[in-house]
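Structure file final-v5.cif with mmCIF, C-alpha atoms and all ligand atoms:
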data_structure
loop_
_atom_site.label_atom_id
_atom_site.label_comp_id
_atom_site.auth_asym_id
_atom_site.auth_seq_id
_atom_site.Cartn_x
_atom_site.Cartn_y
_atom_site.Cartn_z
CA MET A 1380 1.37 183.61 177.58
CA ASN A 1381 2.79 182.79 174.14
CA ILE A 1382 0.63 184.26 171.38
CA ILE A 1383 0.92 183.69 167.63
CA VAL A 1384 -0.32 186.77 165.78
CA THR A 1385 -0.78 186.08 162.07
CA GLY A 1386 -0.76 188.99 159.61
CA GLY A 1387 1.21 191.10 162.11
CA ALA A 1388 3.11 192.91 159.33
CA GLY A 1389 -0.14 194.41 158.02
CA PHE A 1390 -2.19 197.37 159.17
CA ILE A 1391 -4.22 196.15 162.15
CA GLY A 1392 -1.94 193.22 163.01
CA SER A 1393 1.10 195.49 163.47
CA ASN A 1394 -0.88 197.91 165.62
CA PHE A 1395 -1.99 194.88 167.68
CA VAL A 1396 1.62 193.64 168.08
CA PHE A 1397 2.71 197.08 169.36
CA TYR A 1398 -0.30 197.29 171.67
CA MET A 1399 0.20 193.82 173.16
CA LEU A 1400 3.96 194.15 173.76
CA LYS A 1401 3.26 197.35 175.70
CA LYS A 1402 0.14 196.21 177.54
CA HIS A 1403 1.39 192.71 178.46
CA PRO A 1404 5.18 193.00 178.74
CA ASP A 1405 5.51 189.42 180.00
CA ASP A 1406 3.73 187.86 177.02
CA ARG A 1407 5.67 186.56 174.03
CA ILE A 1408 4.35 187.59 170.62
CA VAL A 1409 5.25 185.50 167.56
CA CYS A 1410 4.26 187.18 164.31
CA LEU A 1411 3.56 184.79 161.43
CA ASP A 1412 3.29 186.65 158.13
CA CYS A 1413 4.26 185.74 154.56
CA LEU A 1414 4.70 189.41 153.56
CA THR A 1415 2.30 189.79 150.65
CA TYR A 1416 2.15 193.20 148.95
CA ALA A 1417 0.28 194.36 152.09
CA GLY A 1418 2.83 193.12 154.60
CA ASN A 1419 5.77 195.33 155.41
CA LEU A 1420 8.72 194.28 157.54
CA SER A 1421 9.83 197.88 158.03
CA THR A 1422 6.60 198.44 159.95
CA LEU A 1423 7.80 195.98 162.61
CA GLU A 1424 11.28 197.54 162.82
CA PRO A 1425 10.63 199.13 166.25
CA VAL A 1426 10.00 195.72 167.87
CA MET A 1427 12.41 193.51 165.91
CA GLY A 1428 14.96 193.52 168.74
CA HIS A 1429 12.36 193.13 171.51
CA PRO A 1430 13.21 190.09 173.69
CA ASN A 1431 9.57 188.92 173.67
CA PHE A 1432 9.03 189.25 169.93
CA ARG A 1433 9.78 186.89 167.07
CA PHE A 1434 9.00 187.32 163.37
CA VAL A 1435 8.48 184.25 161.18
CA LYS A 1436 8.02 184.59 157.42
CA ASP A 1437 5.65 181.83 156.39
CA ASP A 1438 2.28 181.34 154.76
CA ILE A 1439 -0.74 180.34 156.87
CA THR A 1440 -1.84 178.01 154.06
CA ASP A 1441 1.46 176.08 154.32
CA ARG A 1442 0.45 173.26 156.68
CA GLU A 1443 3.98 171.95 157.23
CA ALA A 1444 5.35 175.39 158.09
CA VAL A 1445 2.43 176.14 160.41
CA TYR A 1446 2.75 172.80 162.26
CA ARG A 1447 6.52 173.31 162.56
CA LEU A 1448 5.95 176.69 164.16
CA PHE A 1449 3.42 175.24 166.62
CA GLU A 1450 5.93 172.49 167.57
CA GLU A 1451 8.61 175.10 168.20
CA GLU A 1452 6.50 177.68 169.98
CA LYS A 1453 3.75 175.68 171.72
CA PRO A 1454 1.49 178.77 171.63
CA ASP A 1455 -1.26 179.37 174.18
CA MET A 1456 -3.28 181.48 171.78
CA VAL A 1457 -3.60 182.34 168.10
CA VAL A 1458 -5.02 185.64 166.87
CA ASN A 1459 -5.61 185.43 163.13
CA PHE A 1460 -5.35 188.75 161.27
CA ALA A 1461 -3.73 187.24 158.16
CA ALA A 1462 -5.98 187.80 155.16
CA GLU A 1463 -6.37 189.30 151.76
CA SER A 1464 -8.27 192.37 152.88
CA HIS A 1465 -9.07 194.63 149.93
CA VAL A 1466 -12.55 194.40 148.40
CA ASP A 1467 -11.51 195.91 145.03
CA ARG A 1468 -8.72 193.33 144.60
CA SER A 1469 -11.19 190.53 145.43
CA ILE A 1470 -13.43 191.73 142.60
CA GLU A 1471 -10.48 191.58 140.18
CA ASP A 1472 -9.15 188.20 141.31
CA PRO A 1473 -11.03 186.20 143.97
CA GLU A 1474 -8.90 183.04 144.13
CA VAL A 1475 -6.19 184.11 146.54
CA PHE A 1476 -8.94 185.37 148.87
CA LEU A 1477 -10.41 181.88 149.05
CA ARG A 1478 -7.01 180.32 149.63
CA THR A 1479 -5.74 182.61 152.37
CA ASN A 1480 -8.97 183.62 154.07
CA ILE A 1481 -10.68 180.21 154.11
CA LEU A 1482 -8.01 177.50 153.71
CA GLY A 1483 -5.50 179.45 155.80
CA THR A 1484 -8.02 179.68 158.63
CA ALA A 1485 -8.63 175.92 158.44
CA VAL A 1486 -4.89 175.14 158.56
CA LEU A 1487 -4.40 177.35 161.62
CA MET A 1488 -7.33 175.73 163.42
CA ASP A 1489 -6.11 172.22 162.52
CA ALA A 1490 -2.78 173.13 164.11
CA CYS A 1491 -4.64 174.39 167.18
CA ARG A 1492 -6.50 171.07 167.42
CA LYS A 1493 -3.32 169.05 166.97
CA TYR A 1494 -1.14 170.92 169.45
CA GLY A 1495 -3.79 172.31 171.82
CA ILE A 1496 -4.39 175.99 172.63
CA THR A 1497 -6.49 177.93 175.12
CA ARG A 1498 -7.93 180.28 172.50
CA TYR A 1499 -8.16 180.68 168.73
CA HIS A 1500 -9.40 184.15 167.82
CA GLN A 1501 -10.65 184.98 164.33
CA VAL A 1502 -10.48 188.62 163.28
CA SER A 1503 -13.52 189.01 161.06
CA THR A 1504 -15.42 191.93 159.61
CA ASP A 1505 -18.82 193.62 159.64
CA GLU A 1506 -18.90 193.01 155.86
CA VAL A 1507 -20.14 189.47 156.52
CA TYR A 1508 -23.56 191.02 157.28
CA GLY A 1509 -23.83 192.61 153.82
CA ASP A 1510 -25.14 196.17 153.85
CA LEU A 1511 -27.95 198.32 155.23
CA PRO A 1512 -30.14 200.76 153.27
CA LEU A 1513 -29.37 204.48 153.54
CA ASP A 1514 -33.01 205.31 154.33
CA ARG A 1515 -33.18 203.14 157.47
CA PRO A 1516 -30.86 204.82 159.98
CA ASP A 1517 -32.62 202.85 162.73
CA LEU A 1518 -31.04 199.57 161.52
CA PHE A 1519 -27.70 198.24 162.81
CA PHE A 1520 -25.74 194.99 162.54
CA THR A 1521 -26.07 192.86 165.66
CA GLU A 1522 -24.45 189.46 166.18
CA GLU A 1523 -27.81 187.94 165.21
CA THR A 1524 -27.96 189.68 161.82
CA PRO A 1525 -27.91 186.99 159.11
CA ILE A 1526 -24.75 186.52 157.06
CA HIS A 1527 -25.46 188.04 153.63
CA THR A 1528 -22.30 188.86 151.72
CA SER A 1529 -21.70 191.02 148.64
CA SER A 1530 -18.08 190.64 147.46
CA PRO A 1531 -15.68 187.73 147.06
CA TYR A 1532 -13.75 189.25 149.99
CA SER A 1533 -16.72 189.31 152.36
CA SER A 1534 -17.85 185.86 151.20
CA SER A 1535 -14.41 184.44 151.99
CA LYS A 1536 -14.46 186.05 155.45
CA ALA A 1537 -17.98 184.73 156.09
CA SER A 1538 -16.91 181.24 155.00
CA ALA A 1539 -14.04 181.40 157.47
CA ASP A 1540 -16.41 182.49 160.26
CA LEU A 1541 -18.67 179.53 159.56
CA LEU A 1542 -15.67 177.19 159.67
CA VAL A 1543 -14.54 178.68 162.99
CA LEU A 1544 -17.99 178.10 164.51
CA ALA A 1545 -18.04 174.58 163.05
CA TYR A 1546 -14.67 173.77 164.71
CA TYR A 1547 -16.14 174.98 168.00
CA ARG A 1548 -19.24 172.82 167.71
CA THR A 1549 -17.63 169.74 166.15
CA TYR A 1550 -14.25 169.61 167.90
CA GLY A 1551 -14.85 171.86 170.91
CA LEU A 1552 -12.01 174.17 169.78
CA PRO A 1553 -12.05 177.22 172.13
CA VAL A 1554 -12.75 179.95 169.58
CA THR A 1555 -13.96 183.54 169.54
CA ILE A 1556 -14.77 185.78 166.57
CA SER A 1557 -14.80 189.57 166.36
CA ARG A 1558 -16.53 191.48 163.57
CA CYS A 1559 -15.28 195.03 163.35
CA SER A 1560 -16.23 198.04 161.26
CA ASN A 1561 -13.76 200.07 159.13
CA ASN A 1562 -10.50 200.87 160.90
CA TYR A 1563 -8.24 203.87 160.29
CA GLY A 1564 -4.89 204.93 161.76
CA PRO A 1565 -1.11 204.46 161.31
CA TYR A 1566 0.29 201.87 158.87
CA HIS A 1567 -2.95 201.66 156.84
CA PHE A 1568 -2.00 200.50 153.33
CA PRO A 1569 -2.58 203.31 150.79
CA GLU A 1570 -4.98 201.28 148.64
CA LYS A 1571 -7.76 201.94 151.21
CA LEU A 1572 -9.93 205.06 151.23
CA ILE A 1573 -8.38 207.20 153.99
CA PRO A 1574 -4.63 206.65 153.35
CA LEU A 1575 -5.17 206.73 149.57
CA MET A 1576 -6.88 210.12 149.82
CA ILE A 1577 -4.19 211.47 152.17
CA ALA A 1578 -1.37 210.32 149.86
CA ASN A 1579 -3.07 211.61 146.71
CA ALA A 1580 -3.98 214.94 148.29
CA LEU A 1581 -0.40 215.45 149.48
CA ASN A 1582 0.75 214.79 145.90
CA ASP A 1583 -1.99 217.08 144.46
CA LYS A 1584 -3.41 214.11 142.55
CA PRO A 1585 -7.14 213.53 141.84
CA LEU A 1586 -9.15 212.05 144.73
CA PRO A 1587 -11.18 209.22 143.14
CA VAL A 1588 -14.57 208.92 144.88
CA TYR A 1589 -16.65 205.90 143.78
CA GLY A 1590 -20.20 206.60 142.55
CA LYS A 1591 -21.73 209.59 144.32
CA GLY A 1592 -19.68 209.21 147.50
CA GLU A 1593 -22.88 208.58 149.47
CA ASN A 1594 -21.87 205.17 150.85
CA VAL A 1595 -21.58 205.09 154.62
CA ARG A 1596 -18.87 203.40 156.70
CA ASP A 1597 -18.60 203.21 160.51
CA TRP A 1598 -15.01 204.32 161.26
CA LEU A 1599 -13.04 203.14 164.31
CA TYR A 1600 -9.54 204.16 165.36
CA VAL A 1601 -7.32 201.08 165.06
CA GLU A 1602 -6.12 201.12 168.69
CA ASP A 1603 -9.72 200.82 169.88
CA HIS A 1604 -10.05 197.67 167.76
CA CYS A 1605 -6.83 196.27 169.31
CA LYS A 1606 -8.15 196.96 172.83
CA ALA A 1607 -11.39 195.15 172.02
CA ILE A 1608 -9.56 192.06 170.75
CA ASP A 1609 -7.33 192.03 173.84
CA LEU A 1610 -10.48 192.03 176.01
CA ILE A 1611 -12.16 189.29 173.97
CA ILE A 1612 -9.19 186.90 174.05
CA HIS A 1613 -8.86 187.29 177.82
CA GLU A 1614 -12.46 187.71 178.99
CA GLY A 1615 -14.73 186.86 176.07
CA ARG A 1616 -16.90 183.75 176.15
CA VAL A 1617 -15.75 180.82 174.05
CA GLY A 1618 -17.91 180.09 171.00
CA GLU A 1619 -19.17 183.68 170.84
CA VAL A 1620 -19.14 186.39 168.19
CA TYR A 1621 -18.53 190.02 169.26
CA ASN A 1622 -19.30 193.02 167.05
CA ILE A 1623 -16.90 195.97 167.37
CA GLY A 1624 -17.77 199.48 166.24
CA GLY A 1625 -18.19 202.95 167.62
CA HIS A 1626 -21.36 204.48 166.13
CA ASN A 1627 -19.27 206.72 163.91
CA GLU A 1628 -21.03 206.59 160.56
CA MET A 1629 -19.84 208.91 157.84
CA THR A 1630 -20.29 209.18 154.08
CA ASN A 1631 -17.20 208.73 151.92
CA ILE A 1632 -17.52 212.20 150.46
CA ASP A 1633 -17.56 213.77 153.94
CA ILE A 1634 -14.39 211.85 154.84
CA VAL A 1635 -12.63 213.07 151.70
CA LYS A 1636 -13.70 216.67 152.33
CA ILE A 1637 -12.37 216.48 155.91
CA ILE A 1638 -9.02 215.24 154.59
CA CYS A 1639 -8.89 218.13 152.06
CA LYS A 1640 -9.65 220.62 154.82
CA GLU A 1641 -7.09 219.21 157.27
CA LEU A 1642 -4.38 219.26 154.57
CA GLY A 1643 -5.36 222.66 153.16
CA LYS A 1644 -6.05 221.13 149.73
CA PRO A 1645 -8.86 222.26 147.36
CA GLU A 1646 -12.01 220.15 147.00
CA SER A 1647 -11.54 220.55 143.24
CA LEU A 1648 -9.16 217.56 143.52
CA ILE A 1649 -12.24 215.37 144.14
CA THR A 1650 -13.09 213.31 141.05
CA TYR A 1651 -16.16 211.12 140.87
CA VAL A 1652 -15.31 207.80 139.19
CA ALA A 1653 -17.18 204.63 138.22
CA ASP A 1654 -18.69 202.85 141.19
CA ARG A 1655 -17.36 199.63 142.77
CA LYS A 1656 -19.27 196.56 141.52
CA GLY A 1657 -21.77 195.34 144.11
CA HIS A 1658 -20.84 198.33 146.31
CA ASP A 1659 -22.25 197.99 149.86
CA MET A 1660 -24.28 201.09 150.79
CA ARG A 1661 -24.01 201.33 154.55
CA TYR A 1662 -22.29 199.53 157.42
CA ALA A 1663 -23.31 200.28 161.01
CA ILE A 1664 -22.39 198.19 164.05
CA ASP A 1665 -24.41 197.77 167.22
CA PRO A 1666 -21.68 197.20 169.86
CA THR A 1667 -24.09 196.58 172.77
CA LYS A 1668 -22.88 193.02 173.43
CA ILE A 1669 -19.18 193.82 173.83
CA HIS A 1670 -20.06 196.88 175.91
CA ASN A 1671 -22.39 195.01 178.26
CA GLU A 1672 -20.27 191.86 178.62
CA LEU A 1673 -16.74 193.23 178.52
CA GLY A 1674 -17.15 196.96 179.23
CA TRP A 1675 -15.56 197.97 175.91
CA LEU A 1676 -16.20 201.43 174.51
CA PRO A 1677 -14.22 203.29 171.84
CA GLU A 1678 -11.89 205.88 173.34
CA THR A 1679 -10.74 207.92 170.32
CA LYS A 1680 -13.20 210.38 168.82
CA PHE A 1681 -13.09 210.61 165.04
CA ALA A 1682 -12.17 214.32 165.12
CA ASP A 1683 -9.04 213.48 167.13
CA GLY A 1684 -8.28 210.16 165.42
CA ILE A 1685 -8.27 211.61 161.91
CA LYS A 1686 -5.96 214.46 162.99
CA LYS A 1687 -3.55 211.95 164.59
CA THR A 1688 -3.71 209.78 161.48
CA ILE A 1689 -3.01 212.64 159.07
CA GLN A 1690 -0.15 213.80 161.29
CA TRP A 1691 1.27 210.25 161.22
CA TYR A 1692 1.21 210.19 157.40
CA LEU A 1693 2.90 213.61 157.32
CA GLU A 1694 5.63 212.35 159.65
CA HIS A 1695 6.08 208.96 157.98
CA LYS A 1696 6.30 209.89 154.31
CA ASP A 1697 9.15 207.41 153.84
CA TRP A 1698 6.87 204.54 154.83
CA TRP A 1699 4.12 205.22 152.31
CA GLU A 1700 6.22 206.83 149.57
CA THR A 1701 8.26 203.63 149.37
CA ILE A 1702 5.04 201.64 148.99
CA ILE A 1703 3.46 203.81 146.33
CA SER A 1704 6.64 204.04 144.28
CA GLY A 1705 6.81 200.30 143.57
CA GLU A 1706 4.37 197.68 142.24
CA TYR A 1707 1.58 199.91 143.59
CA GLN A 1708 1.95 202.11 140.48
CA ASN A 1709 0.81 199.20 138.27
CA TYR A 1710 -2.04 198.47 140.66
CA TYR A 1711 -3.12 202.11 140.61
CA GLU A 1712 -3.02 202.32 136.83
CA LYS A 1713 -5.03 199.10 136.50
CA MET A 1714 -7.70 200.12 139.00
CA TYR A 1715 -7.98 203.84 138.30
CA GLY A 1716 -6.42 204.36 134.86
CA ASN A 1717 -9.65 204.11 132.86
CA ARG A 1718 -12.17 204.45 135.63
P1 LIG B 1 -3.76 194.09 155.63
O1 LIG B 1 -4.07 193.73 154.22
O2 LIG B 1 -3.20 195.44 155.95
O3 LIG B 1 -2.72 193.01 156.23
C1 LIG B 1 -2.84 191.65 156.00
C2 LIG B 1 -1.56 190.97 156.47
O4 LIG B 1 -1.71 189.56 156.31
C3 LIG B 1 -0.31 191.38 155.66
O5 LIG B 1 0.76 191.61 156.51
C4 LIG B 1 -0.05 190.15 154.78
O6 LIG B 1 1.30 189.99 154.44
C5 LIG B 1 -0.56 189.04 155.67
N1 LIG B 1 -0.96 187.85 154.90
C6 LIG B 1 -1.79 187.81 153.83
N2 LIG B 1 -1.90 186.56 153.37
C7 LIG B 1 -1.14 185.78 154.19
C8 LIG B 1 -0.86 184.40 154.24
N3 LIG B 1 -1.38 183.55 153.34
N4 LIG B 1 -0.04 183.93 155.21
C9 LIG B 1 0.51 184.79 156.11
N5 LIG B 1 0.28 186.10 156.11
C10 LIG B 1 -0.54 186.60 155.17
O7 LIG B 1 -5.09 193.81 156.44
P2 LIG B 1 -5.75 194.62 157.67
O8 LIG B 1 -6.53 195.75 157.14
O9 LIG B 1 -4.72 194.84 158.71
O10 LIG B 1 -6.80 193.52 158.16
C11 LIG B 1 -6.41 192.53 159.11
C12 LIG B 1 -7.60 191.64 159.40
O11 LIG B 1 -8.67 192.41 159.93
C13 LIG B 1 -8.17 190.93 158.16
O12 LIG B 1 -8.52 189.63 158.53
C14 LIG B 1 -9.40 191.76 157.81
O13 LIG B 1 -10.36 190.94 157.18
C15 LIG B 1 -9.85 192.21 159.17
N6 LIG B 1 -10.59 193.50 159.22
C16 LIG B 1 -10.05 194.62 158.66
C17 LIG B 1 -10.71 195.85 158.81
C18 LIG B 1 -10.14 197.12 158.22
O14 LIG B 1 -10.81 198.16 158.26
N7 LIG B 1 -8.92 197.12 157.68
C19 LIG B 1 -11.92 195.91 159.51
C20 LIG B 1 -12.44 194.74 160.06
C21 LIG B 1 -11.75 193.55 159.92
O1 LIG B 2 -15.91 197.20 157.17
C1 LIG B 2 -14.71 196.53 157.37
C2 LIG B 2 -13.94 196.45 156.07
O2 LIG B 2 -13.47 197.76 155.80
C3 LIG B 2 -12.78 195.47 156.14
O3 LIG B 2 -13.30 194.17 156.32
C4 LIG B 2 -11.93 195.54 154.86
O4 LIG B 2 -10.79 194.70 154.99
C5 LIG B 2 -11.48 196.98 154.68
O5 LIG B 2 -10.73 197.09 153.48
C6 LIG B 2 -12.68 197.92 154.64
O6 LIG B 2 -13.48 197.66 153.47
P1 LIG B 2 -14.13 198.87 152.60
O7 LIG B 2 -14.40 198.37 151.25
O8 LIG B 2 -15.23 199.52 153.37
O9 LIG B 2 -12.87 199.89 152.64
P2 LIG B 2 -12.18 200.80 151.50
O10 LIG B 2 -11.19 201.67 152.20
O11 LIG B 2 -11.72 199.99 150.35
O12 LIG B 2 -13.39 201.69 151.00
C7 LIG B 2 -14.12 202.50 151.90
C8 LIG B 2 -15.21 203.20 151.10
O13 LIG B 2 -14.61 204.15 150.22
C9 LIG B 2 -16.01 202.27 150.22
O14 LIG B 2 -17.37 202.70 150.20
C10 LIG B 2 -15.38 202.43 148.83
C11 LIG B 2 -14.92 203.88 148.84
N1 LIG B 2 -13.71 204.18 148.05
C12 LIG B 2 -12.60 203.43 148.25
C13 LIG B 2 -11.46 203.65 147.53
C14 LIG B 2 -10.22 202.80 147.74
C15 LIG B 2 -13.70 205.24 147.16
O15 LIG B 2 -14.72 205.95 146.99
N2 LIG B 2 -12.57 205.48 146.44
C16 LIG B 2 -11.43 204.73 146.58
O16 LIG B 2 -10.42 204.98 145.87
#
What is this structure when it is put down as structure tokens?
Amino acid sequence: MNIIVTGGAGFIGSNFVFYMLKKHPDDRIVCLDCLTYAGNLSTLEPVMGHPNFRFVKDDITDREAVYRLFEEEKPDMVVNFAAESHVDRSIEDPEVFLRTNILGTAVLMDACRKYGITRYHQVSTDEVYGDLPLDRPDLFFTEETPIHTSSPYSSSKASADLLVLAYYRTYGLPVTISRCSNNYGPYHFPEKLIPLMIANALNDKPLPVYGKGENVRDWLYVEDHCKAIDLIIHEGRVGEVYNIGGHNEMTNIDIVKIICKELGKPESLITYVADRKGHDMRYAIDPTKIHNELGWLPETKFADGIKKTIQWYLEHKDWWETIISGEYQNYYEKMYGNR
């Protein structure tokens, strides 16, 4: 099997590349990534010399480059992780989100139509369902929950999902979509809640919690997400959407307090700052479908996953210190300077 993995130099994509090369040693993995601020070639260092791995630096919106790659590689499958992924950045500047997340998806699927593939898989998000109220813990997102987006990011991801389903119905393209809850684990870019709080706490910097910190996210260890996608691309039904999540809802403030405790840092570092515009209150996935159809269940408990993650950040300071010492400083000042 020859699989193109787009966005493989980012957080989840790189974890997926590592997982697949180990789990399916006979498969070839071709990573297509244009290395935005969120893509990091050093992350892929451990597999650069692997005989079944190739890295290609190109943009998924560049039709010529994408078609050229399909001609060269004749892939059996495409798993599309490539995206602009940060909600706060989408609020500042939506355009690149529309280009990469929507147009990029269309270009990849056009290439799949032109050259033929057995599966196109779209890595989507639970954010396409909007949010749930805090006072209705009985409600969860199922695959039937209507699309109801809040941010430019989630709207761009929802648009892509609709396009993917349209290519299935109109052209018969063999597609699947997964919608996962918040991931955490190694190689998570330090603009996102968990790695940002770990990095700041280690540097004894303020821990900026939006609003009252009451918003709820449903956290899943990244390897469990990778395992679910592997199952879907091999055993999932074409034309279907699968929700992925592990019933692990936690408030942001509880997450930040756990990080303080694990690192032996005082809670006095916590600073409440202005809320995110349009901030979704609660995400909560019902994973019944993927469990019943494909037997998937999360394997890493949050208590273990967060310890492993913190340990990884302690052991890989070079990786994140390099990131936060560069352009990230300007980003941080812009987003948090006057918050
Ligand atoms: P990330 O921001 O860490 O990585 C994105 C990667 O895509 C980077 O390597 C970047 O260089 C690459 N990329 C961006 N634009 C590109 C383009 N035009 N052409 C080629 N490559 C491009 O993102 P992530 O957190 O790993 O998320 C991966 C996917 O999973 C996204 O589609 C996201 O919507 C989805 N998702 C993320 C989460 C989460 O918690 N992080 C949860 C559910 C779904
Ligand atoms: O649910 C899946 C989504 O999870 C993915 O589709 C997105 O790509 C991914 O970025 C993530 O989106 P969130 O907006 O939930 O993640 P983020 O880490 O940005 O924020 C998590 C929560 O923490 C959210 O309620 C906002 C809050 N937050 C975040 C940051 C960066 C803070 O309170 N302070 C912060 O500094």
Checklist entry - What is the CA of Glu1522 (chain A) to atom C11 of ligand LIG 1 (chain B) distance in Å? => result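 CA of Glu1522 (chain A) sits 19.6 Å away from atom C11 of ligand LIG 1 (chain B).
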Checklist entry - Neighbours of Leu1541 (chain A) within 12 Å (all atoms listed in the file; same-chain residues fewer than 2 positions away dropped), as a PyMOL selection string? => result chain A and resi 1480-1481+1484-1485+1501+1503+1507+1525-1526+1534-1539+1543-1549+1554-1556+1618+1620
At a cut-off of 8 Å, can you tabulate as a Markdown table every residue of chain A near ligand LIG 2 (chain B) together with its closest atom pair and the distance in Å to one decimal, using all atoms listed in the file and ordering rows by chain then number?
| residue | atom | partner | partner_atom | distance |
| --- | --- | --- | --- | --- |
| A:Glu1463 | CA | B:LIG2 | O4 | 7.7 |
| A:Ser1464 | CA | B:LIG2 | O4 | 4.0 |
| A:His1465 | CA | B:LIG2 | O5 | 4.6 |
| A:Val1466 | CA | B:LIG2 | O7 | 5.2 |
| A:Asp1467 | CA | B:LIG2 | O11 | 6.7 |
| A:Ser1503 | CA | B:LIG2 | O3 | 7.0 |
| A:Thr1504 | CA | B:LIG2 | O3 | 4.5 |
| A:Asp1505 | CA | B:LIG2 | O1 | 5.2 |
| A:Glu1506 | CA | B:LIG2 | O1 | 5.3 |
| A:Tyr1532 | CA | B:LIG2 | O4 | 8.0 |
| A:Ser1533 | CA | B:LIG2 | O3 | 7.1 |
| A:Cys1559 | CA | B:LIG2 | C1 | 6.2 |
| A:Ser1560 | CA | B:LIG2 | O1 | 4.2 |
| A:Asn1561 | CA | B:LIG2 | O2 | 4.1 |
| A:Asn1562 | CA | B:LIG2 | O2 | 6.7 |
| A:Glu1570 | CA | B:LIG2 | C14 | 5.5 |
| A:Lys1571 | CA | B:LIG2 | O10 | 3.6 |
| A:Leu1572 | CA | B:LIG2 | O10 | 3.7 |
| A:Ile1573 | CA | B:LIG2 | O10 | 6.5 |
| A:Leu1575 | CA | B:LIG2 | C14 | 6.7 |
| A:Met1576 | CA | B:LIG2 | O16 | 7.4 |
| A:Leu1586 | CA | B:LIG2 | O16 | 7.3 |
| A:Pro1587 | CA | B:LIG2 | O16 | 5.1 |
| A:Val1588 | CA | B:LIG2 | O15 | 3.6 |
| A:Tyr1589 | CA | B:LIG2 | O15 | 3.7 |
| A:Gly1590 | CA | B:LIG2 | O15 | 7.1 |
| A:Gly1592 | CA | B:LIG2 | O15 | 6.0 |
| A:Asn1594 | CA | B:LIG2 | O14 | 5.2 |
| A:Val1595 | CA | B:LIG2 | O14 | 6.6 |
| A:Arg1596 | CA | B:LIG2 | O8 | 6.3 |
| A:Asp1597 | CA | B:LIG2 | O1 | 7.4 |
| A:Asn1631 | CA | B:LIG2 | O13 | 5.5 |
| A:Ile1632 | CA | B:LIG2 | O15 | 7.7 |
| A:Asp1654 | CA | B:LIG2 | O15 | 7.7 |
| A:Arg1655 | CA | B:LIG2 | C10 | 7.0 |
| A:His1658 | CA | B:LIG2 | O14 | 6.8 |
| A:Asp1659 | CA | B:LIG2 | O14 | 6.8 |
| A:Met1660 | CA | B:LIG2 | O14 | 7.1 |
| A:Tyr1662 | CA | B:LIG2 | O1 | 6.8 |
Next on the checklist: Hey, which residues sit close to ligand LIG 1 (chain B)? Say within 6 Å, counting all atoms listed in the file, and write them as a ChimeraX atom specification.
Outcome noted: /A:1386-1392,1412-1415,1417-1418,1437-1440,1460-1464,1479,1502-1504,1559-1562,1568
May I have the residues from that selection written out with C-alpha atoms, as a PDB file, in the coordinates of the input?
ATOM      1  CA  GLY A1386      -0.760 188.990 159.610  1.00  0.00           C
ATOM      2  CA  GLY A1387       1.210 191.100 162.110  1.00  0.00           C
ATOM      3  CA  ALA A1388       3.110 192.910 159.330  1.00  0.00           C
ATOM      4  CA  GLY A1389      -0.140 194.410 158.020  1.00  0.00           C
ATOM      5  CA  PHE A1390      -2.190 197.370 159.170  1.00  0.00           C
ATOM      6  CA  ILE A1391      -4.220 196.150 162.150  1.00  0.00           C
ATOM      7  CA  GLY A1392      -1.940 193.220 163.010  1.00  0.00           C
ATOM      8  CA  ASP A1412       3.290 186.650 158.130  1.00  0.00           C
ATOM      9  CA  CYS A1413       4.260 185.740 154.560  1.00  0.00           C
ATOM     10  CA  LEU A1414       4.700 189.410 153.560  1.00  0.00           C
ATOM     11  CA  THR A1415       2.300 189.790 150.650  1.00  0.00           C
ATOM     12  CA  ALA A1417       0.280 194.360 152.090  1.00  0.00           C
ATOM     13  CA  GLY A1418       2.830 193.120 154.600  1.00  0.00           C
ATOM     14  CA  ASP A1437       5.650 181.830 156.390  1.00  0.00           C
ATOM     15  CA  ASP A1438       2.280 181.340 154.760  1.00  0.00           C
ATOM     16  CA  ILE A1439      -0.740 180.340 156.870  1.00  0.00           C
ATOM     17  CA  THR A1440      -1.840 178.010 154.060  1.00  0.00           C
ATOM     18  CA  PHE A1460      -5.350 188.750 161.270  1.00  0.00           C
ATOM     19  CA  ALA A1461      -3.730 187.240 158.160  1.00  0.00           C
ATOM     20  CA  ALA A1462      -5.980 187.800 155.160  1.00  0.00           C
ATOM     21  CA  GLU A1463      -6.370 189.300 151.760  1.00  0.00           C
ATOM     22  CA  SER A1464      -8.270 192.370 152.880  1.00  0.00           C
ATOM     23  CA  THR A1479      -5.740 182.610 152.370  1.00  0.00           C
ATOM     24  CA  VAL A1502     -10.480 188.620 163.280  1.00  0.00           C
ATOM     25  CA  SER A1503     -13.520 189.010 161.060  1.00  0.00           C
ATOM     26  CA  THR A1504     -15.420 191.930 159.610  1.00  0.00           C
ATOM     27  CA  CYS A1559     -15.280 195.030 163.350  1.00  0.00           C
ATOM     28  CA  SER A1560     -16.230 198.040 161.260  1.00  0.00           C
ATOM     29  CA  ASN A1561     -13.760 200.070 159.130  1.00  0.00           C
ATOM     30  CA  ASN A1562     -10.500 200.870 160.900  1.00  0.00           C
ATOM     31  CA  PHE A1568      -2.000 200.500 153.330  1.00  0.00           C
TER      32      PHE A1568
END
Next on the checklist: Just checking: using all atoms listed in the file, which residue out of A:Ile1702, A:Val1486, A:Ile1612, A:Ala1663 ends up closest to Val1458 (chain A)?
Outcome noted: A:Ile1612
